[in-house]
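Input: a single structure, listed below in structure tokens.
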Amino acid sequence: MLSGIYDLTADTARRSRTRLFRRQRPHATSKQSSLQGLLTTKIPLMVAAAELDPPGFVKQFDLLKEAACKRASGCAHAMLLPQHNHMSEVYSINTADDRLTNEILDFVKTAK
């Protein structure tokens with residue numbers, strides 16, 4: 001998972017997203033957050049964010065990373081990708097900048 005929003009109630013830029021969700025289901029924001037489901041899964045997790053992401057995304061990364069370490073199945077594989085922003089991290093896959101690609105490959109091979 002790359003630079004995601006996992007807890008809508010802790011989303012610092014949530015005003016516009018909250019409006020979108022409330023149009024569909026009023027007051028369902030916390031129920032629509034993925035964090036609780038991610039914390040109960042036994043599936044190994046990999047989470048990454050970019051150093052130059054907007055602060056809200058880095059906060060969400062930290063929130064998931066810290067919460068995941070309390071799971072029975074253990075911490076998520078986590079990395080903060082230096083020198084990248086919200087878009088460049090994804091665009092770096094399959095390029096000469098293989099930092100994220102190598103992390104993904106290692107995670108897929110080891111599931112850790």
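In the structure tokens, the first chain shown is A, the next is B, and so on; residue numbers restart at 1 for each chain, and ligands run from 1 in the order shown.
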Extract, using only C-alpha atoms, all DNA, RNA and protein residues at most 10 Å from Thr41 (chain A), discarding same-chain residues fewer than 3 positions from it, and format them as a ChimeraX atom specification. /A:36-38,44-45,68,71-73
Using the selection just defined, write its residues with N, CA, C and O atoms as a PDB file, in the first residue's frame.
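This went into again-v8.pdb:
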```
ATOM      1  N   GLN A  36      -9.089  -0.752  10.743  1.00  0.00           N
ATOM      2  CA  GLN A  36      -9.451  -1.881  11.613  1.00  0.00           C
ATOM      3  C   GLN A  36      -9.370  -3.221  10.888  1.00  0.00           C
ATOM      4  O   GLN A  36      -8.893  -4.208  11.436  1.00  0.00           O
ATOM      5  N   GLY A  37      -9.807  -3.257   9.653  1.00  0.00           N
ATOM      6  CA  GLY A  37      -9.700  -4.488   8.871  1.00  0.00           C
ATOM      7  C   GLY A  37      -8.258  -4.876   8.609  1.00  0.00           C
ATOM      8  O   GLY A  37      -7.896  -6.052   8.667  1.00  0.00           O
ATOM      9  N   LEU A  38      -7.416  -3.889   8.345  1.00  0.00           N
ATOM     10  CA  LEU A  38      -5.999  -4.172   8.104  1.00  0.00           C
ATOM     11  C   LEU A  38      -5.327  -4.709   9.362  1.00  0.00           C
ATOM     12  O   LEU A  38      -4.417  -5.535   9.286  1.00  0.00           O
ATOM     13  N   PRO A  44       0.332 -10.770   5.385  1.00  0.00           N
ATOM     14  CA  PRO A  44       1.467  -9.852   5.566  1.00  0.00           C
ATOM     15  C   PRO A  44       1.187  -8.524   4.844  1.00  0.00           C
ATOM     16  O   PRO A  44       0.643  -8.512   3.746  1.00  0.00           O
ATOM     17  N   LEU A  45       1.561  -7.437   5.492  1.00  0.00           N
ATOM     18  CA  LEU A  45       1.318  -6.115   4.927  1.00  0.00           C
ATOM     19  C   LEU A  45       2.625  -5.413   4.599  1.00  0.00           C
ATOM     20  O   LEU A  45       3.592  -5.508   5.346  1.00  0.00           O
ATOM     21  N   ALA A  68       0.021  -1.524  13.232  1.00  0.00           N
ATOM     22  CA  ALA A  68       0.246  -2.880  12.713  1.00  0.00           C
ATOM     23  C   ALA A  68       1.181  -3.677  13.607  1.00  0.00           C
ATOM     24  O   ALA A  68       1.079  -4.901  13.669  1.00  0.00           O
ATOM     25  N   ARG A  71      -0.481  -6.064  15.943  1.00  0.00           N
ATOM     26  CA  ARG A  71      -1.239  -7.206  15.411  1.00  0.00           C
ATOM     27  C   ARG A  71      -0.637  -8.513  15.894  1.00  0.00           C
ATOM     28  O   ARG A  71       0.576  -8.609  16.107  1.00  0.00           O
ATOM     29  N   ALA A  72      -1.446  -9.526  16.011  1.00  0.00           N
ATOM     30  CA  ALA A  72      -0.950 -10.858  16.379  1.00  0.00           C
ATOM     31  C   ALA A  72       0.023 -11.370  15.325  1.00  0.00           C
ATOM     32  O   ALA A  72       0.990 -12.062  15.645  1.00  0.00           O
ATOM     33  N   SER A  73      -0.191 -10.996  14.065  1.00  0.00           N
ATOM     34  CA  SER A  73       0.679 -11.470  12.986  1.00  0.00           C
ATOM     35  C   SER A  73       1.914 -10.599  12.800  1.00  0.00           C
ATOM     36  O   SER A  73       2.740 -10.877  11.937  1.00  0.00           O
TER      37      SER A  73
END
```
Among chain A, which ones does DSSP place in strand (DSSP E), written as JSON, numbers by chain? {"A": [46, 47, 48, 49, 50, 77, 78, 79, 80, 81]}
Write a file of the just-selected residues containing all heavy atoms, as a compact mmCIF listing (two decimals), in the first residue's frame.
```
# COMPACT_ATOMS: atom_id res chain seq x y z
N MET A 46 2.62 -4.68 3.49
CA MET A 46 3.71 -3.77 3.16
C MET A 46 3.09 -2.40 2.97
O MET A 46 2.12 -2.25 2.22
CB MET A 46 4.44 -4.18 1.89
CG MET A 46 5.54 -3.19 1.53
SD MET A 46 6.44 -3.65 0.05
CE MET A 46 7.43 -2.18 -0.14
N VAL A 47 3.64 -1.41 3.64
CA VAL A 47 3.14 -0.05 3.56
C VAL A 47 4.33 0.87 3.30
O VAL A 47 5.40 0.69 3.86
CB VAL A 47 2.37 0.34 4.84
CG1 VAL A 47 3.23 0.24 6.07
CG2 VAL A 47 1.76 1.72 4.72
N ALA A 48 4.12 1.83 2.40
CA ALA A 48 5.17 2.79 2.09
C ALA A 48 4.56 4.18 1.92
O ALA A 48 3.38 4.31 1.59
CB ALA A 48 5.90 2.38 0.82
N ALA A 49 5.37 5.17 2.17
CA ALA A 49 5.00 6.56 1.91
C ALA A 49 6.24 7.25 1.37
O ALA A 49 7.36 6.74 1.50
CB ALA A 49 4.52 7.24 3.18
N ALA A 50 6.04 8.38 0.77
CA ALA A 50 7.15 9.15 0.21
C ALA A 50 7.54 10.27 1.17
O ALA A 50 6.68 10.89 1.80
CB ALA A 50 6.76 9.72 -1.15
N HIS A 77 5.72 -4.59 6.89
CA HIS A 77 6.97 -4.17 6.23
C HIS A 77 6.75 -2.72 5.84
O HIS A 77 5.82 -2.42 5.08
CB HIS A 77 7.23 -5.05 5.01
CG HIS A 77 8.48 -4.72 4.28
ND1 HIS A 77 9.60 -5.50 4.39
CD2 HIS A 77 8.79 -3.71 3.44
CE1 HIS A 77 10.55 -4.98 3.64
NE2 HIS A 77 10.08 -3.90 3.04
N ALA A 78 7.53 -1.79 6.38
CA ALA A 78 7.28 -0.37 6.17
C ALA A 78 8.52 0.34 5.67
O ALA A 78 9.63 0.03 6.11
CB ALA A 78 6.79 0.26 7.47
N MET A 79 8.31 1.27 4.74
CA MET A 79 9.43 2.09 4.29
C MET A 79 8.94 3.48 3.93
O MET A 79 7.86 3.65 3.38
CB MET A 79 10.15 1.45 3.11
CG MET A 79 9.53 1.71 1.75
SD MET A 79 10.50 1.14 0.33
CE MET A 79 11.87 2.24 0.29
N LEU A 80 9.77 4.46 4.30
CA LEU A 80 9.55 5.84 3.89
C LEU A 80 10.55 6.10 2.77
O LEU A 80 11.75 6.04 2.99
CB LEU A 80 9.78 6.79 5.06
CG LEU A 80 9.45 8.25 4.81
CD1 LEU A 80 7.97 8.42 4.48
CD2 LEU A 80 9.80 9.08 6.02
N LEU A 81 10.05 6.32 1.58
CA LEU A 81 10.89 6.42 0.39
C LEU A 81 11.49 7.82 0.29
O LEU A 81 10.77 8.79 0.03
CB LEU A 81 10.07 6.08 -0.85
CG LEU A 81 10.81 5.82 -2.13
CD1 LEU A 81 11.77 4.64 -1.99
CD2 LEU A 81 9.84 5.55 -3.27
```
Closest of A:Leu52, A:Thr101, A:Phe61, A:Met1 to His86 (chain A) - atom-to-atom distances counting only C-alpha atoms: A:Leu52
From the set A:Ser34, A:Thr40, A:Gln60, A:Ser92, which residue has the shortest atom-to-atom contact distance to Ala10 (chain A), counting only C-alpha atoms? A:Gln60
Give me every helix (DSSP H, G or I) residue in chain A, going by DSSP on the backbone, as number ranges by chain. A: 8-10, 14-24, 29-32, 35-40, 55-68, 88-91, 99-110
Atom-to-atom span, CA of Pro82 (chain A) and CA of Tyr6 (chain A), Å: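 Distance between the two atoms: 21.2 Å.
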From the options A:Asn94, A:Glu51, A:Val58, A:Asp7, which residue's atoms come nearest to Leu35 (chain A), counting only C-alpha atoms?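 Smallest distance to Leu35 (chain A) is found for A:Asp7.
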I want to know what sits within 7 Å of Phe57 (chain A), based on only C-alpha atoms, with residues of the same chain fewer than 3 positions away left out; could you give that as a ChimeraX atom specification? /A:3-5,53-54,60-61
Å distance separating CA of Leu8 (chain A) from CA of Ser33 (chain A), one decimal place: 5.4 Å
